[in-house]
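Undergrad: Below you'll find structure02.cif; it's mmCIF, C-alpha atoms.
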```cif
data_final
#
loop_
_atom_site.group_PDB
_atom_site.id
_atom_site.type_symbol
_atom_site.label_atom_id
_atom_site.label_comp_id
_atom_site.auth_asym_id
_atom_site.auth_seq_id
_atom_site.Cartn_x
_atom_site.Cartn_y
_atom_site.Cartn_z
ATOM 1 C CA ASN A 1 0.000 0.000 0.000
ATOM 2 C CA GLU A 2 2.883 2.354 0.768
ATOM 3 C CA TYR A 3 4.392 1.652 -2.653
ATOM 4 C CA LYS A 4 1.079 2.236 -4.426
ATOM 5 C CA SER A 5 0.609 5.609 -2.731
ATOM 6 C CA TYR A 6 4.146 6.532 -3.764
ATOM 7 C CA LEU A 7 3.332 5.945 -7.439
ATOM 8 C CA SER A 8 1.066 8.104 -9.560
ATOM 9 C CA MET A 9 -1.939 6.894 -11.492
ATOM 10 C CA ASN A 10 0.128 5.911 -14.567
ATOM 11 C CA GLY A 11 2.697 3.889 -12.599
ATOM 12 C CA LEU A 12 5.484 6.499 -12.495
ATOM 13 C CA PRO A 13 6.885 8.010 -9.279
ATOM 14 C CA ARG A 14 5.378 11.379 -8.452
ATOM 15 C CA GLU A 15 8.619 13.338 -8.761
ATOM 16 C CA VAL A 16 9.205 11.801 -12.204
ATOM 17 C CA LEU A 17 5.679 12.723 -13.300
ATOM 18 C CA LYS A 18 6.147 16.319 -12.094
ATOM 19 C CA TRP A 19 9.433 16.449 -14.002
ATOM 20 C CA LEU A 20 7.715 15.303 -17.232
ATOM 21 C CA GLN A 21 4.964 17.894 -16.789
ATOM 22 C CA SER A 22 7.541 20.643 -16.359
ATOM 23 C CA LEU A 23 9.133 19.850 -19.747
ATOM 24 C CA ASP A 24 6.014 20.902 -21.691
ATOM 25 C CA LEU A 25 5.988 17.904 -24.024
ATOM 26 C CA SER A 26 3.862 17.727 -27.191
ATOM 27 C CA SER A 27 1.543 15.170 -25.574
ATOM 28 C CA SER A 28 0.801 14.337 -21.960
ATOM 29 C CA VAL A 29 1.892 10.996 -20.533
ATOM 30 C CA LYS A 30 -1.176 8.926 -19.745
ATOM 31 C CA ASN A 31 -0.010 5.385 -20.446
ATOM 32 C CA PRO A 32 3.808 5.124 -20.537
ATOM 33 C CA LYS A 33 3.639 1.673 -22.107
ATOM 34 C CA TRP A 34 2.189 3.155 -25.314
ATOM 35 C CA ASP A 35 3.300 6.796 -25.110
ATOM 36 C CA PHE A 36 7.035 5.998 -25.130
ATOM 37 C CA SER A 37 6.962 3.008 -27.507
ATOM 38 C CA ASN A 38 7.876 4.948 -30.679
ATOM 39 C CA GLY A 39 10.667 6.938 -28.984
ATOM 40 C CA TYR A 40 9.340 10.342 -30.017
ATOM 41 C CA LEU A 41 8.673 11.588 -26.465
ATOM 42 C CA VAL A 42 12.081 10.271 -25.393
ATOM 43 C CA ALA A 43 13.663 12.402 -28.117
ATOM 44 C CA GLU A 44 11.670 15.431 -26.917
ATOM 45 C CA ILE A 45 12.930 14.939 -23.362
ATOM 46 C CA LEU A 46 16.538 14.703 -24.553
ATOM 47 C CA SER A 47 16.146 17.739 -26.806
ATOM 48 C CA TRP A 48 15.485 19.935 -23.746
ATOM 49 C CA TYR A 49 18.897 19.016 -22.303
ATOM 50 C CA HIS A 50 20.821 18.516 -25.580
ATOM 51 C CA PRO A 51 19.213 20.815 -28.175
ATOM 52 C CA LYS A 52 22.236 20.716 -30.501
ATOM 53 C CA ALA A 53 22.622 16.927 -30.473
ATOM 54 C CA ILE A 54 18.914 16.100 -30.871
ATOM 55 C CA ASN A 55 17.133 17.488 -33.932
ATOM 56 C CA MET A 56 13.423 16.729 -33.805
ATOM 57 C CA LYS A 57 13.138 17.000 -37.606
ATOM 58 C CA PHE A 58 14.694 13.562 -37.942
ATOM 59 C CA PHE A 59 12.145 11.889 -35.638
ATOM 60 C CA ILE A 60 8.695 10.752 -36.744
ATOM 61 C CA ASN A 61 5.732 10.657 -34.400
ATOM 62 C CA GLY A 62 4.149 7.488 -35.812
ATOM 63 C CA THR A 63 3.140 4.060 -34.549
ATOM 64 C CA SER A 64 4.359 1.906 -37.433
ATOM 65 C CA ILE A 65 7.241 -0.489 -36.895
ATOM 66 C CA GLN A 66 9.376 1.354 -39.467
ATOM 67 C CA ASN A 67 9.013 4.642 -37.534
ATOM 68 C CA LYS A 68 9.865 2.909 -34.269
ATOM 69 C CA ILE A 69 13.014 1.328 -35.710
ATOM 70 C CA LEU A 70 14.149 4.669 -37.191
ATOM 71 C CA ASN A 71 13.608 6.653 -33.979
ATOM 72 C CA TRP A 72 15.200 4.118 -31.660
ATOM 73 C CA ASN A 73 18.249 3.665 -33.897
ATOM 74 C CA LEU A 74 18.880 7.412 -33.663
ATOM 75 C CA LEU A 75 18.423 7.291 -29.890
ATOM 76 C CA ARG A 76 20.816 4.331 -29.533
ATOM 77 C CA THR A 77 23.466 6.297 -31.438
ATOM 78 C CA PHE A 78 22.950 9.267 -29.114
ATOM 79 C CA PHE A 79 23.229 7.081 -25.995
ATOM 80 C CA ARG A 80 26.522 5.617 -27.211
ATOM 81 C CA LYS A 81 27.989 9.060 -27.936
ATOM 82 C CA LYS A 82 26.986 10.483 -24.558
ATOM 83 C CA HIS A 83 27.891 7.230 -22.713
ATOM 84 C CA TYR A 84 24.470 6.985 -21.163
ATOM 85 C CA ALA A 85 24.074 3.647 -19.394
ATOM 86 C CA ILE A 86 20.679 2.647 -20.761
ATOM 87 C CA ASP A 87 20.266 -1.098 -20.779
ATOM 88 C CA GLN A 88 19.533 -2.706 -24.119
ATOM 89 C CA ASP A 89 16.745 -4.853 -22.728
ATOM 90 C CA VAL A 90 15.072 -1.699 -21.380
ATOM 91 C CA ILE A 91 15.153 -0.094 -24.835
ATOM 92 C CA ASP A 92 13.809 -3.240 -26.505
ATOM 93 C CA GLY A 93 11.109 -3.608 -23.852
ATOM 94 C CA ALA A 94 9.965 -0.010 -24.266
ATOM 95 C CA MET A 95 9.945 -0.357 -28.048
ATOM 96 C CA HIS A 96 7.863 -3.560 -27.963
ATOM 97 C CA CYS A 97 5.463 -2.319 -25.229
ATOM 98 C CA LYS A 98 6.632 -4.741 -22.550
ATOM 99 C CA THR A 99 5.255 -4.470 -19.024
ATOM 100 C CA ASN A 100 7.096 -1.888 -16.821
ATOM 101 C CA ALA A 101 9.823 -1.311 -19.450
ATOM 102 C CA ALA A 102 8.798 2.273 -20.274
ATOM 103 C CA GLU A 103 8.597 3.187 -16.587
ATOM 104 C CA VAL A 104 12.128 1.902 -15.974
ATOM 105 C CA LEU A 105 13.406 3.812 -19.041
ATOM 106 C CA VAL A 106 11.896 7.123 -17.899
ATOM 107 C CA GLU A 107 13.288 6.657 -14.386
ATOM 108 C CA GLN A 108 16.772 6.012 -15.764
ATOM 109 C CA LEU A 109 16.531 9.143 -17.933
ATOM 110 C CA TYR A 110 15.374 11.134 -14.909
ATOM 111 C CA THR A 111 18.433 9.995 -12.919
ATOM 112 C CA LEU A 112 20.877 10.654 -15.779
ATOM 113 C CA LEU A 113 19.546 14.089 -16.753
ATOM 114 C CA THR A 114 18.756 15.554 -13.324
ATOM 115 C CA ASN A 115 21.309 13.694 -11.146
ATOM 116 C CA ARG A 116 18.511 12.851 -8.733
ATOM 117 C CA PRO A 117 17.731 9.308 -7.622
ATOM 118 C CA THR A 118 14.289 7.801 -7.690
ATOM 119 C CA TYR A 119 13.190 6.185 -4.461
ATOM 120 C CA ARG A 120 11.695 2.867 -5.401
ATOM 121 C CA LEU A 121 10.426 0.627 -2.631
ATOM 122 C CA GLU A 122 10.436 -2.337 -5.011
ATOM 123 C CA PRO A 123 13.481 -3.406 -7.074
ATOM 124 C CA ARG A 124 13.520 -3.213 -10.828
ATOM 125 C CA PRO A 125 12.075 -6.358 -12.503
ATOM 126 C CA ILE A 126 14.639 -8.761 -13.937
ATOM 127 C CA ASN A 127 12.648 -9.351 -17.105
ATOM 128 C CA PHE A 128 9.683 -7.531 -18.543
ATOM 129 C CA SER A 129 7.205 -10.402 -18.592
ATOM 130 C CA ASP A 130 3.727 -10.871 -17.141
ATOM 131 C CA LEU A 131 5.047 -13.113 -14.351
ATOM 132 C CA PRO A 132 4.241 -10.618 -11.535
ATOM 133 C CA TYR A 133 0.662 -10.515 -12.788
ATOM 134 C CA GLN A 134 0.435 -14.307 -13.129
ATOM 135 C CA VAL A 135 1.605 -14.828 -9.534
ATOM 136 C CA LYS A 136 -1.361 -12.797 -8.255
ATOM 137 C CA LEU A 137 -3.887 -15.007 -10.106
ATOM 138 C CA PRO A 138 -5.305 -18.243 -8.673
ATOM 139 C CA LEU A 139 -3.705 -21.446 -9.920
ATOM 140 C CA HIS A 140 -6.568 -22.433 -12.212
ATOM 141 C CA ALA A 141 -6.524 -19.023 -13.968
ATOM 142 C CA ARG A 142 -2.807 -18.800 -14.731
ATOM 143 C CA ALA A 143 -1.495 -18.879 -18.276
ATOM 144 C CA THR A 144 -0.495 -22.019 -20.126
ATOM 145 C CA ALA A 145 2.666 -22.347 -22.209
ATOM 146 C CA ALA A 146 0.931 -21.206 -25.413
ATOM 147 C CA THR A 147 -0.726 -18.252 -23.678
ATOM 148 C CA SER A 148 2.586 -17.278 -22.087
ATOM 149 C CA ILE A 149 4.239 -17.118 -25.519
ATOM 150 C CA LYS A 150 1.359 -15.025 -26.886
ATOM 151 C CA ASN A 151 1.493 -12.572 -23.971
ATOM 152 C CA ASN A 152 5.275 -12.141 -23.780
ATOM 153 C CA LEU A 153 6.347 -12.295 -27.434
ATOM 154 C CA ALA A 154 5.150 -9.270 -29.387
ATOM 155 C CA THR A 155 4.623 -9.243 -33.128
ATOM 156 C CA THR A 156 7.103 -6.391 -33.481
ATOM 157 C CA GLU A 157 9.770 -8.602 -31.900
ATOM 158 C CA LEU A 158 9.259 -11.220 -34.599
ATOM 159 C CA ILE A 159 9.493 -8.551 -37.289
ATOM 160 C CA CYS A 160 12.650 -6.974 -35.844
ATOM 161 C CA ALA A 161 14.419 -10.308 -35.317
ATOM 162 C CA ARG A 162 17.416 -10.759 -37.600
ATOM 163 C CA ASN A 163 16.841 -14.461 -38.291
ATOM 164 C CA SER A 164 14.819 -17.450 -37.171
ATOM 165 C CA ASN A 165 17.421 -18.438 -34.563
ATOM 166 C CA GLU A 166 16.819 -15.215 -32.680
ATOM 167 C CA ARG A 167 13.066 -15.871 -32.706
ATOM 168 C CA LEU A 168 13.608 -19.392 -31.381
ATOM 169 C CA THR A 169 15.921 -18.090 -28.663
ATOM 170 C CA LYS A 170 13.266 -15.666 -27.426
ATOM 171 C CA THR A 171 10.588 -18.350 -27.550
ATOM 172 C CA PHE A 172 12.686 -20.853 -25.593
ATOM 173 C CA ALA A 173 13.496 -18.178 -23.003
ATOM 174 C CA ILE A 174 9.775 -17.614 -22.436
ATOM 175 C CA LEU A 175 9.167 -21.368 -22.168
ATOM 176 C CA ASP A 176 11.996 -21.750 -19.639
ATOM 177 C CA LEU A 177 10.524 -18.960 -17.533
ATOM 178 C CA HIS A 178 7.097 -20.597 -17.727
ATOM 179 C CA SER A 179 8.590 -23.950 -16.679
ATOM 180 C CA GLN A 180 10.241 -22.334 -13.666
ATOM 181 C CA HIS A 181 6.919 -20.753 -12.759
ATOM 182 C CA ARG A 182 5.217 -24.159 -12.930
ATOM 183 C CA GLN A 183 7.861 -25.693 -10.678
ATOM 184 C CA MET A 184 7.265 -22.878 -8.199
ATOM 185 C CA GLN A 185 3.540 -23.672 -8.250
ATOM 186 C CA ARG A 186 4.266 -27.302 -7.374
ATOM 187 C CA VAL A 187 6.340 -26.200 -4.385
ATOM 188 C CA GLN A 188 3.699 -23.735 -3.192
ATOM 189 C CA ASP A 189 0.732 -26.107 -3.492
ATOM 190 C CA PRO A 190 1.869 -29.762 -3.583
ATOM 191 C CA VAL A 191 -1.584 -31.067 -2.635
ATOM 192 C CA ARG A 192 -3.118 -29.703 -5.842
ATOM 193 C CA PHE A 193 -0.596 -31.584 -7.977
ATOM 194 C CA GLY A 194 -0.677 -34.778 -5.878
ATOM 195 C CA ILE A 195 2.938 -34.486 -4.679
ATOM 196 C CA LYS A 196 3.690 -36.295 -1.421
ATOM 197 C CA PRO A 197 6.488 -34.910 0.766
ATOM 198 C CA ALA A 198 9.457 -37.062 1.658
ATOM 199 C CA ILE A 199 9.421 -38.894 4.998
ATOM 200 C CA GLY A 200 12.277 -36.759 6.323
ATOM 201 C CA TYR A 201 10.203 -33.574 5.834
ATOM 202 C CA MET A 202 7.033 -34.970 7.429
ATOM 203 C CA THR A 203 5.972 -34.359 11.018
ATOM 204 C CA GLU A 204 4.808 -37.140 13.317
ATOM 205 C CA GLU A 205 1.149 -36.326 12.699
ATOM 206 C CA GLU A 206 1.666 -36.395 8.944
ATOM 207 C CA LYS A 207 3.464 -39.752 9.205
ATOM 208 C CA GLU A 208 0.581 -41.268 11.198
ATOM 209 C CA ARG A 209 -1.942 -39.833 8.744
ATOM 210 C CA SER A 210 -0.025 -41.251 5.764
ATOM 211 C CA LYS A 211 0.070 -44.714 7.435
ATOM 212 C CA ILE A 212 -3.677 -44.652 8.010
ATOM 213 C CA LEU A 213 -4.358 -43.547 4.433
ATOM 214 C CA SER A 214 -2.006 -46.171 2.988
ATOM 215 C CA GLY A 215 -3.701 -48.891 5.113
ATOM 216 C CA ARG A 216 -7.126 -47.846 3.864
ATOM 217 C CA ALA A 217 -5.857 -47.865 0.303
ATOM 218 C CA MET A 218 -4.460 -51.396 0.719
ATOM 219 C CA SER A 219 -7.713 -52.718 2.178
ATOM 220 C CA THR A 220 -9.754 -51.080 -0.568
ATOM 221 C CA ARG A 221 -7.453 -52.587 -3.200
ATOM 222 C CA ALA A 222 -7.739 -56.071 -1.644
ATOM 223 C CA THR A 223 -11.546 -55.833 -1.497
ATOM 224 C CA SER A 224 -11.732 -54.753 -5.119
ATOM 225 C CA LYS A 225 -9.506 -57.657 -6.116
ATOM 226 C CA GLY A 226 -11.733 -60.173 -4.251
ATOM 227 C CA ASN A 227 -14.890 -58.903 -5.941
ATOM 228 C CA LYS A 228 -13.496 -59.209 -9.410
ATOM 229 C CA SER A 229 -14.800 -62.124 -11.536
ATOM 230 C CA ARG A 230 -12.162 -64.695 -12.327
ATOM 231 C CA PRO A 231 -11.415 -65.096 -16.036
ATOM 232 C CA VAL A 232 -12.104 -68.374 -17.828
ATOM 233 C CA SER A 233 -8.974 -70.491 -18.118
ATOM 234 C CA ALA A 234 -7.641 -70.965 -21.630
ATOM 235 C CA ASN A 235 -7.009 -74.707 -21.026
ATOM 236 C CA LYS A 236 -10.612 -75.421 -19.975
ATOM 237 C CA PRO A 237 -12.711 -76.514 -22.957
ATOM 238 C CA PRO A 238 -15.616 -74.220 -23.704
ATOM 239 C CA GLU A 239 -19.074 -75.374 -22.710
ATOM 240 C CA VAL A 240 -21.378 -76.550 -25.479
ATOM 241 C CA ILE A 241 -24.539 -74.508 -25.578
ATOM 242 C CA GLN A 242 -27.547 -76.200 -27.140
ATOM 243 C CA PHE A 243 -30.143 -74.216 -28.988
ATOM 244 C CA THR A 244 -33.720 -75.329 -29.683
ATOM 245 C CA GLU A 245 -35.108 -74.343 -33.054
ATOM 246 C CA VAL A 246 -38.500 -72.743 -32.855
ATOM 247 C CA VAL A 247 -40.760 -73.025 -35.894
ATOM 248 C CA VAL A 248 -43.128 -70.115 -36.280
ATOM 249 C CA LYS A 249 -46.079 -70.274 -38.643
ATOM 250 C CA GLN A 250 -46.834 -66.948 -40.259
ATOM 251 C CA SER A 251 -50.367 -66.193 -41.357
ATOM 252 C CA GLY A 252 -51.141 -64.293 -44.517
ATOM 253 C CA ARG A 253 -47.979 -65.333 -46.358
ATOM 254 C CA GLU A 254 -47.986 -67.292 -49.637
ATOM 255 C CA LYS A 255 -46.185 -70.610 -49.594
ATOM 256 C CA THR A 256 -43.009 -71.112 -51.557
ATOM 257 C CA VAL A 257 -42.353 -73.868 -54.037
ATOM 258 C CA GLU A 258 -40.429 -75.920 -51.487
ATOM 259 C CA GLU A 259 -43.242 -75.654 -48.942
ATOM 260 C CA ASN A 260 -45.749 -76.745 -51.564
ATOM 261 C CA LEU A 261 -43.570 -79.752 -52.387
ATOM 262 C CA GLU A 262 -43.451 -80.734 -48.728
ATOM 263 C CA ASP A 263 -47.242 -80.486 -48.503
ATOM 264 C CA ARG A 264 -47.706 -82.690 -51.615
ATOM 265 C CA PRO A 265 -50.523 -85.273 -51.557
ATOM 266 C CA ASN A 266 -49.840 -89.022 -51.384
ATOM 267 C CA HIS A 267 -51.438 -89.706 -54.773
ATOM 268 C CA GLY A 268 -51.063 -88.497 -58.281
ATOM 269 C CA SER A 269 -48.135 -88.382 -60.647
ATOM 270 C CA VAL A 270 -47.951 -84.639 -61.325
ATOM 271 C CA TYR A 271 -47.984 -81.836 -58.780
ATOM 272 C CA ARG A 272 -48.583 -78.222 -59.840
ATOM 273 C CA PRO A 273 -47.835 -75.557 -57.239
ATOM 274 C CA THR A 274 -50.196 -72.693 -56.749
ATOM 275 C CA SER A 275 -47.434 -70.021 -56.651
ATOM 276 C CA PRO A 276 -46.092 -69.147 -60.120
ATOM 277 C CA LEU A 277 -42.485 -67.988 -60.521
ATOM 278 C CA SER A 278 -41.742 -64.311 -61.053
ATOM 279 C CA SER A 279 -40.222 -65.002 -64.478
ATOM 280 C CA GLY A 280 -43.543 -66.211 -65.865
ATOM 281 C CA TYR A 281 -42.676 -69.848 -66.021
ATOM 282 C CA GLN A 282 -44.675 -72.390 -64.145
ATOM 283 C CA ALA A 283 -42.846 -74.710 -61.808
ATOM 284 C CA ILE A 284 -43.847 -78.277 -62.493
ATOM 285 C CA ALA A 285 -42.530 -80.995 -60.218
ATOM 286 C CA GLN A 286 -42.630 -84.569 -61.302
ATOM 287 C CA LEU A 287 -43.252 -86.654 -58.297
ATOM 288 C CA SER A 288 -42.610 -90.336 -58.101
ATOM 289 C CA ARG A 289 -42.992 -92.714 -55.317
#
```
What does the file become when written as structure tokens?

TA:
Amino acid sequence: NEYKSYLSMNGLPREVLKWLQSLDLSSSVKNPKWDFSNGYLVAEILSWYHPKAINMKFFINGTSIQNKILNWNLLRTFFRKKHYAIDQDVIDGAMHCKTNAAEVLVEQLYTLLTNRPTYRLEPRPINFSDLPYQVKLPLHARATAATSIKNNLATTELICARNSNERLTKTFAILDLHSQHRQMQRVQDPVRFGIKPAIGYMTEEEKERSKILSGRAMSTRATSKGNKSRPVSANKPPEVIQFTEVVVKQSGREKTVEENLEDRPNHGSVYRPTSPLSSGYQAIAQLSR
């Protein structure tokens, strides 16, 4: 709570925000993550202290990736000439709108240009990822590996990458960070992931409870084994099952030729069935005793 009251509404320290307002910039700083991404406001800040070295005619106030690359290349050249210790990851994070990167950049510029320190109650983040936000979420709502890549790898980073190896390196770095975060979750909540502690780390009550639970599990397993039906042995011959044929007489159905032959009379030499064939021929059966 003390740290939140120290910061302003846009996440910058109050003395840094007052310093930005005193410079009379072309646009007010409302969201540092987006306001400083193209580098134009950074060039305006530097032009107040180095008007001969920074010419605003060479900077473009646009949001396209080409404008961002042009502005930040000019700023990198200026930082090298003046020996300003601006970290490269801070510049890349501010350019690609990473979380807290623009705030760190403005605070470093404030310290370099005014020779005044900023009093932060929290240390600077090691990497500009969404890990601090993910830690605050419940376990079931935290990001998966695919979501972590989507949140922490910007499209502009893929465009600015020199080759595919650089893209893979950034992707694997995000996956390694996500894996470390998952391992931390397992340590924080082992019950959720079904991890049992080692016997050396268990108290006496936990040991007794684990013995009782293991005994119940063994008895339940034995009972389930006793209730299971035994399979039929392969060496035992199969039982012969007898079936009784049931003859059903259907009413309203014409008799076939075979049925008429079975119902033939005991006399006569020629038997003519009553059901003609579909082909038009008459079936004539010569009967002989």

Undergrad: Please measure the separation of atom CA of A:Ser179 and atom CA of A:Gln88, giving the value in Å to one decimal.

TA: 25.0 Å

Undergrad: (1.5, -20.7, -3.0) in this file's frame - what residues fall within 10 Å of it? Use all atoms listed in the file and give the answer as a list in words.

TA: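 I get Val135, Lys136, Pro138, Leu139, Met184, Gln185, Arg186, Val187, Gln188, Asp189 and Pro190 of chain A for the residues within 10 Å of that point.
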
Undergrad: Identify all residues satisfying the PyMOL selection byres ((chain A and resi 49) around 12) in the given file; provide them as a ChimeraX atom specification.

TA: /A:23,42-48,50-55,82,109-110,112-114

Undergrad: Since I can't run it myself right now, could you work out what the PyMOL selection byres ((chain A and resi 158-175) around 10) selects here and report it as a PyMOL selection string?

TA: chain A and resi 65-66+69+96+129+144-146+148-157+176-181

Undergrad: What is the atom CA of A:Leu41-atom CA of A:Trp19 distance in Å, reported with one decimal?

TA: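 Computing it gives 13.4 Å between the two atoms.
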
Undergrad: Return as a count of residues only the set of residues that the PyMOL selection byres ((chain A and resi 27) around 12) yields on the displayed structure.

TA: 19

Undergrad: Rounded to one decimal in Å, what is the spacing between atom CA of A:Arg116 and atom CA of A:Asn71?

TA: 26.5 Å

Undergrad: A:Tyr133, A:Phe128, A:Phe78, A:Tyr84: which is nearest A:Ala101, counting all atoms listed in the file?

TA: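 The closest residue to A:Ala101 is A:Phe128.
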
Undergrad: Check the smallest atom-to-atom distance from each of A:Lys68, A:Arg80, A:Arg182, A:Lys196 to A:Ala94 using all atoms listed in the file, then report the winner.

TA: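 Answer, going by the shortest atom-to-atom distance: A:Lys68.
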
Undergrad: So that I can check the surroundings of A:Trp72, please list as an NGL selection string every protein, DNA and RNA residue that reaches within 9 Å of it, counting only C-alpha atoms and ignoring chain neighbours fewer than 4 positions away.

TA: :A and (38-40 or 67-68 or 76-77 or 91 or 95)
